[in-house]
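Q: Pasting start.pdb here (PDB, C-alpha atoms):
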```pdb
MODEL        1
ATOM      1  CA  MET A  30      56.108  77.849 -95.381
ATOM      2  CA  GLY A  31      59.630  79.284 -95.437
ATOM      3  CA  ALA A  32      62.028  79.245 -98.348
ATOM      4  CA  VAL A  33      63.042  75.766 -99.385
ATOM      5  CA  GLU A  34      66.662  75.107-100.206
ATOM      6  CA  LYS A  35      66.970  74.307-103.886
ATOM      7  CA  THR A  36      70.190  72.408-103.630
ATOM      8  CA  ILE A  37      70.580  69.199-101.697
ATOM      9  CA  PRO A  38      71.953  70.049 -98.239
ATOM     10  CA  ALA A  39      75.539  68.931 -97.673
ATOM     11  CA  ASP A  40      74.978  67.344 -94.295
ATOM     12  CA  LEU A  41      72.467  64.932 -95.727
ATOM     13  CA  ASP A  42      71.147  62.091 -93.700
ATOM     14  CA  GLN A  43      67.969  60.163 -94.352
ATOM     15  CA  SER A  44      65.616  62.113 -92.100
ATOM     16  CA  ARG A  45      66.976  65.467 -93.242
ATOM     17  CA  PHE A  46      66.625  64.348 -96.839
ATOM     18  CA  ASP A  47      63.019  63.252 -96.301
ATOM     19  CA  GLN A  48      62.182  66.575 -94.729
ATOM     20  CA  TRP A  49      63.865  68.484 -97.551
ATOM     21  CA  PHE A  50      62.131  66.386-100.186
ATOM     22  CA  ASP A  51      58.679  66.795 -98.627
ATOM     23  CA  GLN A  52      58.997  70.565 -98.498
ATOM     24  CA  ARG A  53      60.340  70.789-102.002
ATOM     25  CA  PHE A  54      57.644  68.472-103.301
ATOM     26  CA  GLU A  55      54.924  70.557-101.699
ATOM     27  CA  THR A  56      56.290  73.769-103.216
ATOM     28  CA  LYS A  57      56.537  72.193-106.651
ATOM     29  CA  MET A  58      53.008  70.794-106.463
ATOM     30  CA  ALA A  59      51.638  74.186-105.408
ATOM     31  CA  GLU A  60      53.421  75.823-108.359
ATOM     32  CA  ARG A  61      52.045  73.214-110.683
ATOM     33  CA  GLU A  62      48.517  73.679-109.432
ATOM     34  CA  ALA A  63      48.732  77.455-109.746
ATOM     35  CA  ALA A  64      49.926  77.169-113.344
ATOM     36  CA  HIS A  65      47.318  74.582-114.303
ATOM     37  CA  VAL A  66      44.606  75.724-116.714
ATOM     38  CA  PRO A  67      41.428  73.768-115.967
ATOM     39  CA  SER A  68      39.806  72.076-118.929
ATOM     40  CA  LEU A  69      36.326  70.918-119.843
ATOM     41  CA  SER A  70      35.170  68.491-122.513
ATOM     42  CA  ILE A  71      31.521  68.138-123.418
ATOM     43  CA  ILE A  72      29.927  65.586-125.678
ATOM     44  CA  ALA A  73      26.682  67.126-126.975
ATOM     45  CA  THR A  74      24.260  64.583-128.403
ATOM     46  CA  LYS A  75      20.877  66.265-128.389
ATOM     47  CA  GLY A  76      19.380  68.693-130.867
ATOM     48  CA  THR A  77      16.251  70.098-129.257
ATOM     49  CA  LEU A  78      15.928  73.667-128.001
ATOM     50  CA  ASP A  79      15.854  72.687-124.323
ATOM     51  CA  TRP A  80      18.853  70.369-124.581
ATOM     52  CA  ALA A  81      20.832  72.930-126.538
ATOM     53  CA  TYR A  82      21.191  75.045-123.412
ATOM     54  CA  PRO A  83      23.314  72.892-121.063
ATOM     55  CA  PRO A  84      26.323  72.430-123.384
ATOM     56  CA  PHE A  85      26.439  76.073-124.503
ATOM     57  CA  ILE A  86      25.866  77.513-121.018
ATOM     58  CA  LEU A  87      28.510  75.301-119.454
ATOM     59  CA  ALA A  88      30.982  75.846-122.275
ATOM     60  CA  SER A  89      30.635  79.638-122.373
ATOM     61  CA  THR A  90      30.786  79.942-118.592
ATOM     62  CA  ALA A  91      33.852  77.726-118.331
ATOM     63  CA  ALA A  92      35.518  79.801-121.041
ATOM     64  CA  ALA A  93      34.683  82.968-119.084
ATOM     65  CA  LEU A  94      36.411  81.403-116.094
ATOM     66  CA  GLY A  95      39.500  80.975-118.215
ATOM     67  CA  TRP A  96      39.131  77.258-118.812
ATOM     68  CA  ASP A  97      40.176  75.430-121.915
ATOM     69  CA  VAL A  98      36.937  74.099-123.459
ATOM     70  CA  SER A  99      36.193  71.575-126.205
ATOM     71  CA  VAL A 100      32.766  70.395-127.296
ATOM     72  CA  PHE A 101      32.167  67.388-129.506
ATOM     73  CA  PHE A 102      28.819  67.487-131.311
ATOM     74  CA  THR A 103      27.563  64.124-132.390
ATOM     75  CA  PHE A 104      24.283  62.625-133.574
ATOM     76  CA  TYR A 105      21.409  65.086-133.028
ATOM     77  CA  GLY A 106      23.808  67.423-131.285
ATOM     78  CA  LEU A 107      25.077  68.350-134.726
ATOM     79  CA  GLU A 108      21.901  70.394-135.219
ATOM     80  CA  LEU A 109      23.412  72.906-132.789
ATOM     81  CA  LEU A 110      26.171  73.738-135.267
ATOM     82  CA  LYS A 111      23.908  74.448-138.261
ATOM     83  CA  LYS A 112      24.168  77.904-139.807
ATOM     84  CA  ASP A 113      20.402  78.263-139.512
ATOM     85  CA  LEU A 114      19.240  77.065-136.150
ATOM     86  CA  HIS A 115      15.745  75.622-136.276
ATOM     87  CA  LEU A 116      15.657  74.108-132.850
ATOM     88  CA  GLU A 117      12.377  72.904-131.481
ATOM     89  CA  ILE A 118      11.335  71.567-128.164
ATOM     90  CA  SER A 119       9.366  68.400-127.743
ATOM     91  CA  PRO A 120       7.236  67.945-124.642
ATOM     92  CA  LEU A 121       6.725  64.352-125.771
ATOM     93  CA  GLY A 122       8.591  61.912-123.559
ATOM     94  CA  ASN A 123       9.676  64.908-121.487
ATOM     95  CA  PRO A 124       7.323  64.434-118.541
ATOM     96  CA  SER A 125       9.047  66.768-116.075
ATOM     97  CA  MET A 126       8.908  69.746-118.434
ATOM     98  CA  PRO A 127       6.692  72.425-116.892
ATOM     99  CA  MET A 128       4.019  73.763-119.262
ATOM    100  CA  LYS A 129       3.445  77.374-118.333
ATOM    101  CA  MET A 130       2.044  80.438-120.023
ATOM    102  CA  PRO A 131       4.712  83.084-120.671
ATOM    103  CA  PHE A 132       2.115  85.900-120.654
ATOM    104  CA  GLY A 133      -0.940  87.034-118.717
ATOM    105  CA  PRO A 134      -1.424  87.777-115.025
ATOM    106  CA  LYS A 135       0.800  86.073-112.464
ATOM    107  CA  TRP A 136      -1.862  83.571-111.340
ATOM    108  CA  LEU A 137      -2.198  82.389-114.925
ATOM    109  CA  LYS A 138       1.561  82.154-115.467
ATOM    110  CA  ASP A 139       1.933  80.132-112.272
ATOM    111  CA  ILE A 140      -0.388  77.362-113.421
ATOM    112  CA  ASN A 141       1.428  74.273-114.585
ATOM    113  CA  TRP A 142      -0.739  72.910-117.410
ATOM    114  CA  ASN A 143      -0.551  69.235-116.855
ATOM    115  CA  VAL A 144      -1.159  68.045-120.393
ATOM    116  CA  PRO A 145      -0.935  64.254-120.634
ATOM    117  CA  ASN A 146       1.867  63.075-122.892
ATOM    118  CA  LEU A 147      -0.555  61.079-124.994
ATOM    119  CA  ILE A 148      -2.487  64.236-125.904
ATOM    120  CA  MET A 149       0.713  66.101-126.763
ATOM    121  CA  ALA A 150       1.591  63.283-129.100
ATOM    122  CA  GLY A 151      -1.756  63.414-130.834
ATOM    123  CA  VAL A 152      -2.338  67.129-131.286
ATOM    124  CA  PRO A 153      -0.838  68.407-134.543
ATOM    125  CA  GLY A 154       1.334  71.481-134.114
ATOM    126  CA  PHE A 155       1.844  70.937-130.403
ATOM    127  CA  GLU A 156       5.625  71.127-130.713
ATOM    128  CA  LYS A 157       5.392  74.430-132.554
ATOM    129  CA  VAL A 158       3.256  75.793-129.720
ATOM    130  CA  ALA A 159       5.623  74.494-127.047
ATOM    131  CA  THR A 160       8.629  75.907-128.940
ATOM    132  CA  GLY A 161       6.916  79.280-129.269
ATOM    133  CA  LEU A 162       6.064  79.343-125.567
ATOM    134  CA  MET A 163       9.618  78.475-124.575
ATOM    135  CA  ALA A 164      11.097  81.095-126.896
ATOM    136  CA  GLN A 165       8.845  83.729-125.312
ATOM    137  CA  THR A 166       9.718  82.608-121.792
ATOM    138  CA  VAL A 167      13.428  82.717-122.589
ATOM    139  CA  LYS A 168      13.120  86.251-123.917
ATOM    140  CA  LYS A 169      10.996  87.485-121.006
ATOM    141  CA  LYS A 170      13.325  86.049-118.376
ATOM    142  CA  GLY A 171      16.467  87.542-119.880
ATOM    143  CA  VAL A 172      17.960  84.167-120.713
ATOM    144  CA  ALA A 173      20.322  84.162-123.690
ATOM    145  CA  THR A 174      19.239  82.648-126.985
ATOM    146  CA  ILE A 175      21.175  79.659-128.306
ATOM    147  CA  ASP A 176      22.561  81.870-131.060
ATOM    148  CA  GLU A 177      23.953  84.318-128.480
ATOM    149  CA  LEU A 178      25.478  81.580-126.360
ATOM    150  CA  ARG A 179      27.032  79.934-129.386
ATOM    151  CA  SER A 180      28.567  83.245-130.474
ATOM    152  CA  ALA A 181      29.857  83.767-126.937
ATOM    153  CA  CYS A 182      31.509  80.345-127.095
ATOM    154  CA  ILE A 183      33.142  81.087-130.447
ATOM    155  CA  GLU A 184      34.332  84.470-129.240
ATOM    156  CA  ALA A 185      35.853  82.865-126.154
ATOM    157  CA  ASP A 186      37.769  80.288-128.217
ATOM    158  CA  VAL A 187      35.704  77.290-127.233
ATOM    159  CA  LYS A 188      36.739  74.553-129.653
ATOM    160  CA  LEU A 189      33.724  73.136-131.458
ATOM    161  CA  PHE A 190      34.222  69.734-133.049
ATOM    162  CA  ALA A 191      31.710  68.046-135.347
ATOM    163  CA  CYS A 192      31.307  64.326-135.724
ATOM    164  CA  GLN A 193      32.167  63.342-139.292
ATOM    165  CA  MET A 194      30.362  60.020-139.013
ATOM    166  CA  THR A 195      27.069  61.754-138.188
ATOM    167  CA  VAL A 196      27.421  63.987-141.237
ATOM    168  CA  ASP A 197      27.787  60.921-143.433
ATOM    169  CA  LEU A 198      25.052  59.038-141.598
ATOM    170  CA  PHE A 199      22.393  61.730-141.912
ATOM    171  CA  GLY A 200      23.488  62.848-145.374
ATOM    172  CA  TYR A 201      24.419  66.385-144.341
ATOM    173  CA  SER A 202      26.943  68.462-146.203
ATOM    174  CA  GLN A 203      29.641  70.438-144.421
ATOM    175  CA  ASP A 204      28.513  73.781-145.855
ATOM    176  CA  GLU A 205      25.255  73.579-143.872
ATOM    177  CA  PHE A 206      27.345  74.228-140.778
ATOM    178  CA  ILE A 207      29.034  77.274-139.285
ATOM    179  CA  PRO A 208      32.577  77.879-140.558
ATOM    180  CA  GLU A 209      33.981  78.209-137.023
ATOM    181  CA  ILE A 210      34.016  74.442-136.546
ATOM    182  CA  GLU A 211      37.479  73.482-135.379
ATOM    183  CA  GLY A 212      37.495  70.086-136.977
ATOM    184  CA  TRP A 213      35.482  67.242-138.435
ATOM    185  CA  ILE A 214      36.584  64.344-136.360
ATOM    186  CA  GLY A 215      35.572  60.992-134.926
ATOM    187  CA  ALA A 216      35.395  59.461-131.486
ATOM    188  CA  ALA A 217      39.003  58.302-131.695
ATOM    189  CA  SER A 218      40.157  61.892-132.066
ATOM    190  CA  PHE A 219      37.978  63.360-129.343
ATOM    191  CA  LEU A 220      38.512  60.772-126.630
ATOM    192  CA  PRO A 221      42.182  61.663-126.057
ATOM    193  CA  THR A 222      41.082  65.299-125.520
ATOM    194  CA  ALA A 223      38.384  64.128-123.109
ATOM    195  CA  GLN A 224      40.881  61.922-121.307
ATOM    196  CA  LYS A 225      43.127  64.851-120.511
ATOM    197  CA  SER A 226      40.393  67.212-119.380
ATOM    198  CA  ASP A 227      39.559  67.857-115.753
ATOM    199  CA  VAL A 228      35.829  67.729-116.345
ATOM    200  CA  CYS A 229      34.095  65.635-118.979
ATOM    201  CA  LEU A 230      30.356  65.713-119.512
ATOM    202  CA  PHE A 231      28.003  63.800-121.741
ATOM    203  CA  VAL A 232      24.913  65.838-122.532
TER     204      VAL A 232
ATOM    205  CA  MET B  19      32.198 102.893-101.944
ATOM    206  CA  SER B  20      35.261 105.088-101.626
ATOM    207  CA  THR B  21      36.498 105.471-105.205
ATOM    208  CA  PRO B  22      34.176 105.312-108.201
ATOM    209  CA  ALA B  23      34.852 102.538-110.683
ATOM    210  CA  THR B  24      36.569 103.413-113.935
ATOM    211  CA  HIS B  25      34.166 101.338-116.041
ATOM    212  CA  SER B  26      30.584 100.229-115.656
ATOM    213  CA  LEU B  27      28.403  97.439-116.976
ATOM    214  CA  ASP B  28      24.633  97.207-116.887
ATOM    215  CA  ALA B  29      23.697  93.525-116.662
ATOM    216  CA  ARG B  30      20.209  94.104-115.313
ATOM    217  CA  GLY B  31      17.514  91.801-116.659
ATOM    218  CA  LEU B  32      20.088  89.271-117.856
ATOM    219  CA  ASN B  33      20.197  85.748-116.547
ATOM    220  CA  CYS B  34      22.906  83.152-115.962
ATOM    221  CA  PRO B  35      25.454  82.969-117.550
ATOM    222  CA  LEU B  36      25.140  86.315-119.369
ATOM    223  CA  PRO B  37      26.207  88.602-116.479
ATOM    224  CA  ILE B  38      29.456  86.637-116.157
ATOM    225  CA  LEU B  39      30.070  86.535-119.905
ATOM    226  CA  ARG B  40      29.516  90.289-120.228
ATOM    227  CA  THR B  41      31.733  90.921-117.207
ATOM    228  CA  LYS B  42      34.518  88.871-118.712
ATOM    229  CA  LYS B  43      34.145  90.731-122.004
ATOM    230  CA  ALA B  44      34.196  94.143-120.318
ATOM    231  CA  LEU B  45      37.234  93.236-118.221
ATOM    232  CA  SER B  46      39.159  92.100-121.275
ATOM    233  CA  THR B  47      39.051  95.616-122.723
ATOM    234  CA  MET B  48      40.350  97.201-119.512
ATOM    235  CA  GLY B  49      43.836  97.874-118.222
ATOM    236  CA  ALA B  50      45.466  96.453-115.102
ATOM    237  CA  GLY B  51      44.329  98.058-111.854
ATOM    238  CA  GLU B  52      41.157  99.488-113.386
ATOM    239  CA  THR B  53      37.816  98.744-111.776
ATOM    240  CA  LEU B  54      34.465  97.709-113.197
ATOM    241  CA  ALA B  55      31.101  98.325-111.573
ATOM    242  CA  ILE B  56      28.522  95.711-112.554
ATOM    243  CA  THR B  57      24.815  96.077-111.852
ATOM    244  CA  SER B  58      22.693  92.954-112.107
ATOM    245  CA  THR B  59      19.304  91.629-111.067
ATOM    246  CA  ASP B  60      20.006  87.899-111.325
ATOM    247  CA  PRO B  61      20.182  86.557-107.734
ATOM    248  CA  GLY B  62      22.550  83.844-108.961
ATOM    249  CA  SER B  63      25.114  86.470-109.903
ATOM    250  CA  LEU B  64      25.915  86.989-106.207
ATOM    251  CA  LYS B  65      27.569  83.579-105.925
ATOM    252  CA  ASP B  66      28.691  83.484-109.550
ATOM    253  CA  MET B  67      30.622  86.736-109.322
ATOM    254  CA  GLN B  68      32.510  85.482-106.258
ATOM    255  CA  ALA B  69      33.369  82.240-108.040
ATOM    256  CA  PHE B  70      34.369  84.097-111.209
ATOM    257  CA  CYS B  71      36.721  86.430-109.345
ATOM    258  CA  LYS B  72      38.238  83.636-107.292
ATOM    259  CA  GLN B  73      38.872  81.492-110.342
ATOM    260  CA  THR B  74      40.177  84.197-112.648
ATOM    261  CA  GLY B  75      42.259  86.095-110.092
ATOM    262  CA  HIS B  76      40.224  89.300-110.176
ATOM    263  CA  GLU B  77      39.609  91.153-106.966
ATOM    264  CA  LEU B  78      36.009  91.492-105.843
ATOM    265  CA  VAL B  79      36.339  94.874-104.175
ATOM    266  CA  SER B  80      32.755  95.052-103.025
ATOM    267  CA  SER B  81      29.432  93.363-103.423
ATOM    268  CA  ASN B  82      26.199  95.061-102.387
ATOM    269  CA  SER B  83      22.542  94.317-102.821
ATOM    270  CA  LEU B  84      19.959  97.040-102.841
ATOM    271  CA  GLN B  85      16.249  96.599-103.567
ATOM    272  CA  GLY B  86      16.654  93.558-105.778
ATOM    273  CA  GLU B  87      19.696  94.918-107.590
ATOM    274  CA  PHE B  88      23.260  93.810-107.049
ATOM    275  CA  VAL B  89      26.273  96.018-107.485
ATOM    276  CA  PHE B  90      29.727  94.505-107.760
ATOM    277  CA  ILE B  91      33.052  96.277-108.032
ATOM    278  CA  VAL B  92      35.737  94.163-109.641
ATOM    279  CA  ARG B  93      39.385  95.136-110.041
ATOM    280  CA  LYS B  94      41.522  93.764-112.818
ATOM    281  CA  PRO B  95      44.870  92.509-111.500
TER     282      PRO B  95
ENDMDL
END
```
Is it possible to express this structure as structure tokens?

A:
Amino acid sequence: MGAVEKTIPADLDQSRFDQWFDQRFETKMAEREAAHVPSLSIIATKGTLDWAYPPFILASTAAALGWDVSVFFTFYGLELLKKDLHLEISPLGNPSMPMKMPFGPKWLKDINWNVPNLIMAGVPGFEKVATGLMAQTVKKKGVATIDELRSACIEADVKLFACQMTVDLFGYSQDEFIPEIEGWIGAASFLPTAQKSDVCLFV
Amino acid sequence: MSTPATHSLDARGLNCPLPILRTKKALSTMGAGETLAITSTDPGSLKDMQAFCKQTGHELVSSNSLQGEFVFIVRKP
């Protein structure tokens, strides 16, 4: 597209004006799009080890792409902002979770141990075992730990918001949480941020 | 590869999204026009690196795969 005249042409008639306006409009829109910083809002509501990954992976990656990122941690999601992360994984009610051995020969690692949910529920210590297995798998496969991803988010200026209501509800105190939290807010404060973002996810 | 990169990053053994995060970190310490050579083993990094460069305005000078390893050269604008 050639240079667009910035001033209104003198010999203006309707069709010439329309043409001028369309060109100018297109240029302006292209400028606007080029200057636009994409934004992402995530509402993180789950506090198990497996569900801790999606919000932190998406947030850190978006930040690496230069996006403006905010995450609102509410209900069990608040666990992800604790100073000491004690995240566990529960295979219970998680029927599509593969149960695989992180060690041993390949044929052994490839077996998906189809343990019925009812047994998982009944065996004491099963969640500890599952958590241990997942932690080993994560390490072996070169996947980041939640701690690493969270640090990456903080380093990249991802804004982490904590839900004040949840803190009151579960009887937490603010000093159990990392100091990098951007604010202790409620739904009414986060929704306007979510409204303006290009991508909004509930995890 | 005609000119060697000015910086290098070993992202082998790391999985999504770590290669991208480390790349971003390495690039942020570099000057304009400098190049970074990234080696990775994550097959996903092939597509991810293209997307990263496109979105952030970096130039993906080259992208090669050799025996399960990927080598990317990225130039900072």

Q: Would you write out, as a PyMOL selection string, every residue that the ChimeraX specification (/B :<6) & /A captures in this file?

A: chain A and resi 93-94+171-172

Q: Would you mind listing what lies within 6 Å of Phe206 in chain A as a PyMOL selection string, with only C-alpha atoms counted and same-chain residues fewer than 6 positions away left out?

A: chain A and resi 110-112

Q: Just so the selection is clear, what residues does the PyMOL selection byres ((chain A and resi 104) around 9) cover here, as a PyMOL selection string?

A: chain A and resi 73-76+102-103+105-108+192+194-196+198-199

Q: Considering all atoms listed in the file, can you say which of B:Ser26, B:Ala44, B:Glu52, B:Pro61 comes closest to Leu84 in chain B?

A: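 Residue with the minimum atom-to-atom distance to Leu84 in chain B: B:Pro61.
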
Q: The PyMOL selection byres ((chain B and resi 48) around 12) - which residues does that actually catch in the file I just gave you? List them as an mmCIF file with C-alpha atoms, keeping the file's coordinate frame.

A:
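Contents of the output file result-v4.cif:
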```cif
data_model
loop_
_atom_site.group_PDB
_atom_site.id
_atom_site.type_symbol
_atom_site.label_atom_id
_atom_site.label_comp_id
_atom_site.auth_asym_id
_atom_site.auth_seq_id
_atom_site.Cartn_x
_atom_site.Cartn_y
_atom_site.Cartn_z
ATOM 1 C CA ALA B 23 34.852 102.538 -110.683
ATOM 2 C CA THR B 24 36.569 103.413 -113.935
ATOM 3 C CA HIS B 25 34.166 101.338 -116.041
ATOM 4 C CA SER B 26 30.584 100.229 -115.656
ATOM 5 C CA THR B 41 31.733 90.921 -117.207
ATOM 6 C CA LYS B 42 34.518 88.871 -118.712
ATOM 7 C CA LYS B 43 34.145 90.731 -122.004
ATOM 8 C CA ALA B 44 34.196 94.143 -120.318
ATOM 9 C CA LEU B 45 37.234 93.236 -118.221
ATOM 10 C CA SER B 46 39.159 92.100 -121.275
ATOM 11 C CA THR B 47 39.051 95.616 -122.723
ATOM 12 C CA GLY B 49 43.836 97.874 -118.222
ATOM 13 C CA ALA B 50 45.466 96.453 -115.102
ATOM 14 C CA GLY B 51 44.329 98.058 -111.854
ATOM 15 C CA GLU B 52 41.157 99.488 -113.386
ATOM 16 C CA THR B 53 37.816 98.744 -111.776
ATOM 17 C CA LEU B 54 34.465 97.709 -113.197
ATOM 18 C CA VAL B 92 35.737 94.163 -109.641
ATOM 19 C CA ARG B 93 39.385 95.136 -110.041
ATOM 20 C CA LYS B 94 41.522 93.764 -112.818
ATOM 21 C CA PRO B 95 44.870 92.509 -111.500
#
```

Q: Give me, please, the distance in Å between CA of Val232 in chain A and CA of Ala81 in chain A, quoted to one decimal.

A: 9.1 Å

Q: To one decimal in Å, tell me the separation between CA of Ile183 in chain A and CA of Glu209 in chain A.

A: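 CA of Ile183 in chain A sits 7.2 Å away from CA of Glu209 in chain A.
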
Q: In Å, with one decimal, what is the gap from CA of Leu230 in chain A to CA of Ile118 in chain A?

A: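 Computing it gives 21.7 Å between the two atoms.
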
Q: Take the point (28.0, 75.1, -129.0) in the file's coordinates, draw a sphere of radius 7 Å around it, and report as a list in words every protein, DNA or RNA residue with an atom inside or on it, counting only C-alpha atoms.

A: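 Collected hits near the coordinates: Pro84, Phe85, Val100, Leu109, Leu110, Arg179, Cys182 and Leu189 of chain A.
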
Q: Any chance you can output those residues with C-alpha atoms as a PDB file, in the coordinates of the input?

A:
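Result saved to selection.pdb:
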```
ATOM      1  CA  PRO A  84      26.323  72.430-123.384  1.00  0.00           C
ATOM      2  CA  PHE A  85      26.439  76.073-124.503  1.00  0.00           C
ATOM      3  CA  VAL A 100      32.766  70.395-127.296  1.00  0.00           C
ATOM      4  CA  LEU A 109      23.412  72.906-132.789  1.00  0.00           C
ATOM      5  CA  LEU A 110      26.171  73.738-135.267  1.00  0.00           C
ATOM      6  CA  ARG A 179      27.032  79.934-129.386  1.00  0.00           C
ATOM      7  CA  CYS A 182      31.509  80.345-127.095  1.00  0.00           C
ATOM      8  CA  LEU A 189      33.724  73.136-131.458  1.00  0.00           C
TER       9      LEU A 189
END
```

Q: Neighbourhood query: residues within 10 Å of (17.5, 75.3, -123.9), file coordinates, counting all atoms listed in the file; return as a list in words.

A: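 Checking each residue against the 10 Å limit leaves Gly76, Thr77, Leu78, Asp79, Trp80, Ala81, Tyr82, Pro83, Pro84, Phe85, Ile86, Leu116, Glu117, Ile118, Met163, Ala164, Val167, Val172, Ala173, Thr174 and Ile175 of chain A.
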
Q: From the set B:Thr57, B:Leu27, B:Pro22, B:Gly62, which residue has the shortest atom-to-atom contact distance to Asn82 in chain B, counting all atoms listed in the file?

A: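 Under the stated criterion, the closest residue is B:Thr57.
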
Q: Let me make sure I understand: among A:Phe46, A:Ser218, A:Val187, A:Val144, which one has the smallest atom-to-atom distance to Asp97 in chain A if we use all atoms listed in the file?

A: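 Of A:Phe46, A:Ser218, A:Val187, A:Val144, the one nearest Asp97 in chain A is A:Val187, counting all atoms listed in the file.
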
Q: Render range 77-120 of chain A from the structure in the preceding block as a file of C-alpha atoms, as an mmCIF file, in the first residue's frame.

A:
```
data_model
loop_
_atom_site.group_PDB
_atom_site.id
_atom_site.type_symbol
_atom_site.label_atom_id
_atom_site.label_comp_id
_atom_site.auth_asym_id
_atom_site.auth_seq_id
_atom_site.Cartn_x
_atom_site.Cartn_y
_atom_site.Cartn_z
ATOM 1 C CA THR A 77 -2.559 -30.507 43.116
ATOM 2 C CA LEU A 78 0.835 -31.145 41.537
ATOM 3 C CA ASP A 79 -0.589 -32.094 38.136
ATOM 4 C CA TRP A 80 -2.929 -29.105 37.959
ATOM 5 C CA ALA A 81 -0.195 -26.731 39.048
ATOM 6 C CA TYR A 82 1.510 -27.146 35.687
ATOM 7 C CA PRO A 83 -0.967 -25.636 33.188
ATOM 8 C CA PRO A 84 -1.210 -22.154 34.762
ATOM 9 C CA PHE A 85 2.538 -21.796 35.354
ATOM 10 C CA ILE A 86 3.551 -23.199 31.955
ATOM 11 C CA LEU A 87 1.101 -20.993 30.095
ATOM 12 C CA ALA A 88 1.929 -17.920 32.152
ATOM 13 C CA SER A 89 5.712 -18.258 31.853
ATOM 14 C CA THR A 90 5.544 -19.021 28.139
ATOM 15 C CA ALA A 91 3.240 -16.094 27.433
ATOM 16 C CA ALA A 92 5.592 -13.838 29.383
ATOM 17 C CA ALA A 93 8.513 -15.139 27.302
ATOM 18 C CA LEU A 94 6.551 -14.170 24.205
ATOM 19 C CA GLY A 95 6.313 -10.659 25.563
ATOM 20 C CA TRP A 96 2.709 -10.850 26.693
ATOM 21 C CA ASP A 97 1.252 -9.079 29.660
ATOM 22 C CA VAL A 98 0.200 -11.844 32.088
ATOM 23 C CA SER A 99 -1.947 -11.890 35.227
ATOM 24 C CA VAL A 100 -2.902 -14.948 37.244
ATOM 25 C CA PHE A 101 -5.598 -14.980 39.892
ATOM 26 C CA PHE A 102 -5.197 -17.796 42.418
ATOM 27 C CA THR A 103 -8.370 -18.735 44.179
ATOM 28 C CA PHE A 104 -9.633 -21.625 46.291
ATOM 29 C CA TYR A 105 -7.190 -24.562 46.144
ATOM 30 C CA GLY A 106 -5.144 -22.667 43.598
ATOM 31 C CA LEU A 107 -3.830 -20.615 46.492
ATOM 32 C CA GLU A 108 -1.665 -23.592 47.470
ATOM 33 C CA LEU A 109 0.490 -22.725 44.453
ATOM 34 C CA LEU A 110 1.556 -19.458 46.076
ATOM 35 C CA LYS A 111 2.684 -20.940 49.410
ATOM 36 C CA LYS A 112 6.296 -20.338 50.403
ATOM 37 C CA ASP A 113 6.706 -24.067 50.975
ATOM 38 C CA LEU A 114 5.130 -25.995 48.165
ATOM 39 C CA HIS A 115 3.798 -29.348 49.303
ATOM 40 C CA LEU A 116 1.876 -30.246 46.215
ATOM 41 C CA GLU A 117 0.592 -33.751 45.832
ATOM 42 C CA ILE A 118 -1.119 -35.550 43.055
ATOM 43 C CA SER A 119 -4.266 -37.542 43.517
ATOM 44 C CA PRO A 120 -5.048 -40.352 41.097
#
```
